[in-house]
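A short write-up of the structure that comes next.
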Amino acid sequence: MAKYIFVTGGVVSSLGKGITAASIGRLLIARGLRIRMLKMDPYLNVDPGTMSPYQHGEVYVTDDGAETDLDLGHYERFTGQPTSRASSVSSGRIYWDVLQKERRGDYLGHTIQMIPHITDEIKSRVRALAAPDVDVVVVEIGGTVGDIEGLTFLEAIRQIGLEEGRDNVMYVHMTYLPFIRAAGELKTKPSQQSVAKLREIGIVPDALVCRSETPIGEDLRRKLSLFCNVPVHAVIEELDVRHTIYEVPLVLAEQGLDEIILVHFRLARPGAKLAPWKAMVDALVRPEGTVKIGVVGKYSELPDAYKSLHEALRHGGAAHRQAVEIVRISAEDIEDGKIPDELKQVDGILVPGGFGKRGTEGKIAAIRYARENGIPFFGICLGLQCAVIEYARHVAGLAGAHSTEIEPATPHPVVCLMEEQEKVVDLGGSMRLGTWPCALKSGSLAARIYGAENISERHRHRYEVNNRYRAQLEAAGLVLSGLSPDGHLVEMVEVPTHSWFVAVQFHPELKSQPLQPHPLFRDFIGAALKRKAG
């Protein structure tokens, strides 16, 4: 029988529940357990696919094509296990599915209510992950205790505790202890009230993970234990880590959270195999040097918009035992054609994915600067499309070349809408999504980097290189180094006369992990280091 761990949050949002849940997953794997992870979000969107990065950060895409919350990226990076469509559920999806069942007559005329119909649907999503080969299902409940939209999720996990038995269910509550500078002390009252809200619902936490700016101390641990009804040893301190989020599992392990979980579930307690994780953290914490990478994007002021990308760059740096200094450059700052000083000082330039016109010309200008000055360049998704536009304009002699997404009347539509997208009306979940195969050109840089000629990567796009211009681009020296197996779609391009110029239509950052850096990021950082060394 699978066990269940539910991670909830109180007091304020942005406590880091996703990283904490992912860290719990890593610790359980280190103890030899088989896990699955699930994120449940209270918002009414069916999925985050149409949500603005300003509100939600990046959209993470799974192998099976689900557009999900960015926390699933943390789950995969920390645990090394792929997530899927079943790993992300929103209130919108729950209500959508329940109402569809009602329309079909599945409820046989019953009045549809929050309890039991909505809560039953939520419970079914949780239990769907409890396969015979799973020991523990770790479930993160998004939002904050007390939010009206999250009440059905909390009610559902309360019911699971009743139905499965408390030996099979564990509640981990994250809370925040504010430091009142004028008083010079941490305050526990918000945490007490957060736990009180949980207890009103019928949930008593088994462990309390406390975020704070300063150490808690034994007196506050005992106070929290007394007022929150949690054993003293299960009051866990989670200060901000100094160097990298990958330190969090080690911090929690030092305080015995994994031991507390195993004792609660009455499971065997083998030693934790954390040596590879510690070695990876050591490479990040004690680098031998630093490399500067300029990321020219549309959302340079929003780190969460490129969460997986930034982590993949750091993974690539760790492979060389180098710290990566990410220089965020707004593409709009290059719109007038002037290259900012920050871009002139980097060792490599990366243009990430995105949608819409804003900042496009700045990205194209940055790519031209990288190509003409021999700076290692890496383009991803829209970054590939901009690279093709730049090459068409300035090397292939196709003046005014552009994408029909940006300029429908362009005289040379070198990037255009995919044929299967032409009749798409709904925006949600309708792009080319998920894992697709790609055949690499023999002898190409791409094939050497991957060490293979057949790969698969995750996609999220509607536009592609226009096949009508492939011959002209190739005649001008652009190598189409990766194609779909049927040869119809361009997936990778490179410039062989350049030190390192690679662009991809897919999103390799989604598959990069700290213990297994993606080969493209590893090689890109290697090229940047070579340039830095002169």
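A note on labels: chains of the structure tokens are A, B, ... as shown, every chain counts residues from 1, and ligands are counted from 1 in their shown order.
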
Which of stretch 361-462 of chain A counts as strand (DSSP E or B) under DSSP, as JSON, numbers by chain please?
{"A": [377, 378, 379, 380, 401, 402, 403, 412, 413, 414, 415, 416, 417, 432, 433, 434, 435, 436, 437, 438, 439, 440, 454, 455, 456, 457, 458, 459, 460, 461]}

Could you dump the residues just selected with N, CA and C atoms as a CSV table (one decimal), in the first residue's frame?
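This is the output file selection.csv:
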chain,number,residue,atom,x,y,z
A,377,PHE,N,27.0,31.0,-29.2
A,377,PHE,CA,25.6,31.4,-29.2
A,377,PHE,C,24.7,30.2,-29.1
A,378,PHE,N,23.7,30.3,-28.3
A,378,PHE,CA,22.7,29.2,-28.1
A,378,PHE,C,21.3,29.8,-28.2
A,379,GLY,N,20.5,29.3,-29.2
A,379,GLY,CA,19.2,29.8,-29.3
A,379,GLY,C,18.2,28.7,-29.0
A,380,ILE,N,17.1,29.0,-28.3
A,380,ILE,CA,16.1,28.0,-27.9
A,380,ILE,C,14.7,28.5,-28.4
A,401,ALA,N,13.4,39.6,-44.3
A,401,ALA,CA,13.0,38.2,-43.8
A,401,ALA,C,12.5,38.3,-42.4
A,402,HIS,N,11.4,37.6,-42.1
A,402,HIS,CA,10.8,37.6,-40.8
A,402,HIS,C,9.9,36.4,-40.6
A,403,SER,N,9.3,36.4,-39.4
A,403,SER,CA,8.3,35.4,-39.1
A,403,SER,C,6.9,35.9,-39.3
A,412,HIS,N,9.8,37.7,-47.1
A,412,HIS,CA,10.4,36.4,-47.0
A,412,HIS,C,10.0,35.8,-45.7
A,413,PRO,N,8.9,35.1,-45.7
A,413,PRO,CA,8.5,34.4,-44.4
A,413,PRO,C,9.3,33.2,-44.1
A,414,VAL,N,10.5,33.4,-43.7
A,414,VAL,CA,11.4,32.2,-43.4
A,414,VAL,C,11.0,31.4,-42.2
A,415,VAL,N,10.1,32.0,-41.4
A,415,VAL,CA,9.4,31.3,-40.3
A,415,VAL,C,7.9,31.4,-40.4
A,416,CYS,N,7.2,30.3,-40.4
A,416,CYS,CA,5.7,30.4,-40.6
A,416,CYS,C,5.0,29.5,-39.7
A,417,LEU,N,3.7,29.6,-39.6
A,417,LEU,CA,2.8,28.8,-38.8
A,417,LEU,C,2.9,27.3,-39.3
A,432,ARG,N,2.3,22.5,-30.5
A,432,ARG,CA,3.1,21.2,-30.6
A,432,ARG,C,3.8,21.0,-29.2
A,433,LEU,N,3.3,20.1,-28.5
A,433,LEU,CA,3.7,19.9,-27.1
A,433,LEU,C,4.3,18.5,-26.8
A,434,GLY,N,5.2,18.5,-25.8
A,434,GLY,CA,5.7,17.2,-25.4
A,434,GLY,C,6.9,16.7,-26.2
A,435,THR,N,7.2,15.5,-25.9
A,435,THR,CA,8.5,14.9,-26.5
A,435,THR,C,8.2,14.4,-27.9
A,436,TRP,N,9.2,14.8,-28.8
A,436,TRP,CA,9.1,14.4,-30.2
A,436,TRP,C,10.6,14.0,-30.6
A,437,PRO,N,10.6,13.0,-31.5
A,437,PRO,CA,12.0,12.5,-32.0
A,437,PRO,C,12.6,13.5,-32.9
A,438,CYS,N,13.9,13.4,-33.0
A,438,CYS,CA,14.7,14.3,-33.9
A,438,CYS,C,15.9,13.4,-34.4
A,439,ALA,N,16.1,13.6,-35.7
A,439,ALA,CA,17.3,12.9,-36.4
A,439,ALA,C,18.4,13.9,-36.6
A,440,LEU,N,19.6,13.6,-36.1
A,440,LEU,CA,20.7,14.6,-36.2
A,440,LEU,C,21.6,14.2,-37.4
A,454,ASN,N,20.0,10.0,-33.1
A,454,ASN,CA,18.6,10.0,-32.9
A,454,ASN,C,18.3,10.3,-31.4
A,455,ILE,N,17.6,11.4,-31.2
A,455,ILE,CA,17.3,11.9,-29.9
A,455,ILE,C,15.8,12.3,-29.8
A,456,SER,N,15.4,12.7,-28.6
A,456,SER,CA,14.1,13.1,-28.4
A,456,SER,C,14.1,14.3,-27.4
A,457,GLU,N,13.3,15.3,-27.6
A,457,GLU,CA,13.3,16.5,-26.8
A,457,GLU,C,11.9,17.0,-26.7
A,458,ARG,N,11.6,17.9,-25.7
A,458,ARG,CA,10.3,18.4,-25.4
A,458,ARG,C,10.1,19.8,-26.2
A,459,HIS,N,8.9,19.9,-26.7
A,459,HIS,CA,8.6,21.1,-27.5
A,459,HIS,C,7.4,21.9,-26.9
A,460,ARG,N,7.4,23.2,-27.4
A,460,ARG,CA,6.2,24.0,-27.0
A,460,ARG,C,6.2,25.2,-28.0
A,461,HIS,N,5.6,25.0,-29.2
A,461,HIS,CA,5.6,26.1,-30.2
A,461,HIS,C,4.6,25.9,-31.2

List every residue of stretch 242-311 of chain A that has an atom at most 12 Å from any atom of stretch 132-139 of chain A, and for each one report the closest atom pair and its distance in Å to one decimal, counting only C-alpha atoms, with rows sorted by chain and then by increasing residue number, as a tab-separated table.
residue	atom	partner	partner_atom	distance
A:Ile261	CA	A:Val136	CA	10.4
A:Leu262	CA	A:Val136	CA	10.5
A:Phe265	CA	A:Val136	CA	9.7
A:Leu267	CA	A:Asp135	CA	9.9
A:Ala268	CA	A:Asp135	CA	11.7

Residues of stretch 283-476 of chain A in helix (DSSP H, G or I) according to DSSP, as a count of residues only?
72

Find the residues near A:Gly443: any atom within 10 Å, counting only C-alpha atoms, skip ones fewer than 3 places away on the same chain, and give them as an mmCIF file with all heavy atoms, in the first residue's frame.
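Saved result, around.cif, follows:
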data_model
loop_
_atom_site.group_PDB
_atom_site.id
_atom_site.type_symbol
_atom_site.label_atom_id
_atom_site.label_comp_id
_atom_site.auth_asym_id
_atom_site.auth_seq_id
_atom_site.Cartn_x
_atom_site.Cartn_y
_atom_site.Cartn_z
ATOM 1 N N LEU A 440 19.597 13.628 -36.104
ATOM 2 C CA LEU A 440 20.712 14.552 -36.241
ATOM 3 C C LEU A 440 21.574 14.192 -37.448
ATOM 4 O O LEU A 440 21.755 13.014 -37.773
ATOM 5 C CB LEU A 440 21.569 14.538 -34.971
ATOM 6 C CG LEU A 440 20.846 14.866 -33.664
ATOM 7 C CD1 LEU A 440 21.822 14.870 -32.500
ATOM 8 C CD2 LEU A 440 20.123 16.209 -33.765
ATOM 9 N N ALA A 446 25.972 19.000 -33.560
ATOM 10 C CA ALA A 446 24.888 18.478 -32.730
ATOM 11 C C ALA A 446 25.072 17.001 -32.438
ATOM 12 O O ALA A 446 24.928 16.551 -31.296
ATOM 13 C CB ALA A 446 23.546 18.718 -33.421
ATOM 14 N N ALA A 447 25.402 16.221 -33.467
ATOM 15 C CA ALA A 447 25.600 14.778 -33.283
ATOM 16 C C ALA A 447 26.783 14.504 -32.365
ATOM 17 O O ALA A 447 26.751 13.573 -31.548
ATOM 18 C CB ALA A 447 25.797 14.098 -34.641
ATOM 19 N N ARG A 448 27.828 15.308 -32.464
ATOM 20 C CA ARG A 448 28.993 15.115 -31.598
ATOM 21 C C ARG A 448 28.653 15.457 -30.147
ATOM 22 O O ARG A 448 29.095 14.773 -29.216
ATOM 23 C CB ARG A 448 30.165 15.985 -32.082
ATOM 24 C CG ARG A 448 30.711 15.579 -33.439
ATOM 25 C CD ARG A 448 32.113 16.151 -33.680
ATOM 26 N NE ARG A 448 32.147 17.604 -33.640
ATOM 27 C CZ ARG A 448 31.906 18.390 -34.687
ATOM 28 N NH1 ARG A 448 31.580 17.847 -35.871
ATOM 29 N NH2 ARG A 448 31.978 19.718 -34.572
ATOM 30 N N GLU A 453 22.721 9.992 -33.046
ATOM 31 C CA GLU A 453 22.091 10.610 -34.213
ATOM 32 C C GLU A 453 20.572 10.588 -34.139
ATOM 33 O O GLU A 453 19.900 11.118 -35.027
ATOM 34 C CB GLU A 453 22.580 9.925 -35.497
ATOM 35 C CG GLU A 453 24.060 10.182 -35.772
ATOM 36 C CD GLU A 453 24.528 9.630 -37.109
ATOM 37 O OE1 GLU A 453 23.670 9.111 -37.871
ATOM 38 O OE2 GLU A 453 25.733 9.714 -37.391
ATOM 39 N N SER A 481 21.001 20.838 -38.889
ATOM 40 C CA SER A 481 21.627 19.652 -38.292
ATOM 41 C C SER A 481 20.661 18.718 -37.597
ATOM 42 O O SER A 481 21.028 17.605 -37.229
ATOM 43 C CB SER A 481 22.712 20.082 -37.311
ATOM 44 O OG SER A 481 22.198 20.989 -36.354
#

Find the distance between atom CA of A:Tyr369 and atom CA of A:Gly356 and write it in Å to one decimal.
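Going from atom CA of A:Tyr369 over to atom CA of A:Gly356 covers 21.9 Å.
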
Write out, as a Markdown table, each residue of stretch 329-372 of chain A that has an atom at most 10 Å from stretch 512-532 of chain A, together with the closest pair of atoms and their distance in Å to one decimal, counting only C-alpha atoms, rows going by chain and rising number.
| residue | atom | partner | partner_atom | distance |
| --- | --- | --- | --- | --- |
| A:Val346 | CA | A:Ala528 | CA | 8.6 |
| A:Asp347 | CA | A:Ala528 | CA | 5.0 |
| A:Gly348 | CA | A:Ala528 | CA | 5.2 |
| A:Ile349 | CA | A:Ala528 | CA | 8.8 |
| A:Leu350 | CA | A:Phe524 | CA | 9.4 |

For A:Leu445, which residue out of A:Gln113, A:Thr404, A:Gln505, A:Ser499 is the nearest one, using only C-alpha atoms?
A:Ser499

Do a neighbour search on stretch 13-20 of chain A at 9 Å with only C-alpha atoms, toss out local chain neighbours closer than 3 positions, and write the hits as a ChimeraX atom specification.
/A:7-10,23-25,39,70-72,74-75,78,140-144,174-176,209,211,245-246,248-249,252

As an exercise, work out the distance from atom CA of A:Met51 to atom CA of A:Thr79 in Å and give it to one decimal place.
26.3 Å

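For A:Arg269, the non-local neighbours within 10 Å, defined as residues at least 2 positions apart in the same chain or in other chains and counting only C-alpha atoms, are Arg31, Gly32, Asp258, Glu259, Ile261, Leu262, Val263, Arg266, Leu267, Gly271 and Ala272 of chain A.
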
Shell around A:Gly337 at 12 Å using only C-alpha atoms, local window under 3 positions removed, as an NGL selection string
:A and (331-334 or 340 or 359-369)

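Counting only C-alpha atoms, A:Asp240 has the following residues at most 8 Å away, ignoring those fewer than 2 positions along the same chain: Arg211, Ser212, Glu213, Glu238 and Arg242 of chain A.
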
Serialized selection, C-alpha atoms, as a PDB file, in the first residue's frame:
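The resulting again-v8.pdb:
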ATOM      1  CA  ARG A 211      11.060  29.413   7.047  1.00  0.00           C
ATOM      2  CA  SER A 212      12.784  32.279   8.811  1.00  0.00           C
ATOM      3  CA  GLU A 213      15.572  34.818   8.329  1.00  0.00           C
ATOM      4  CA  GLU A 238      14.575  25.969   6.898  1.00  0.00           C
ATOM      5  CA  ARG A 242      23.674  30.379   1.028  1.00  0.00           C
TER       6      ARG A 242
END

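Taking atom CA of A:Ala21 and atom CA of A:Ser52 as endpoints, the distance between them is 24.5 Å.
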
For each of A:Ser87, A:Thr244, A:Gln345, A:Gln192, take the minimum atom-to-atom distance to A:Leu220, counting only C-alpha atoms, then give the residue where this is smallest.
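Comparing A:Ser87, A:Thr244, A:Gln345, A:Gln192 against A:Leu220, the winner is A:Gln192.
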
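Using only C-alpha atoms, the shortest contact distance between A:His233 and any of A:Val251, A:Leu208, A:Val327, A:Ala409 is found at A:Leu208.
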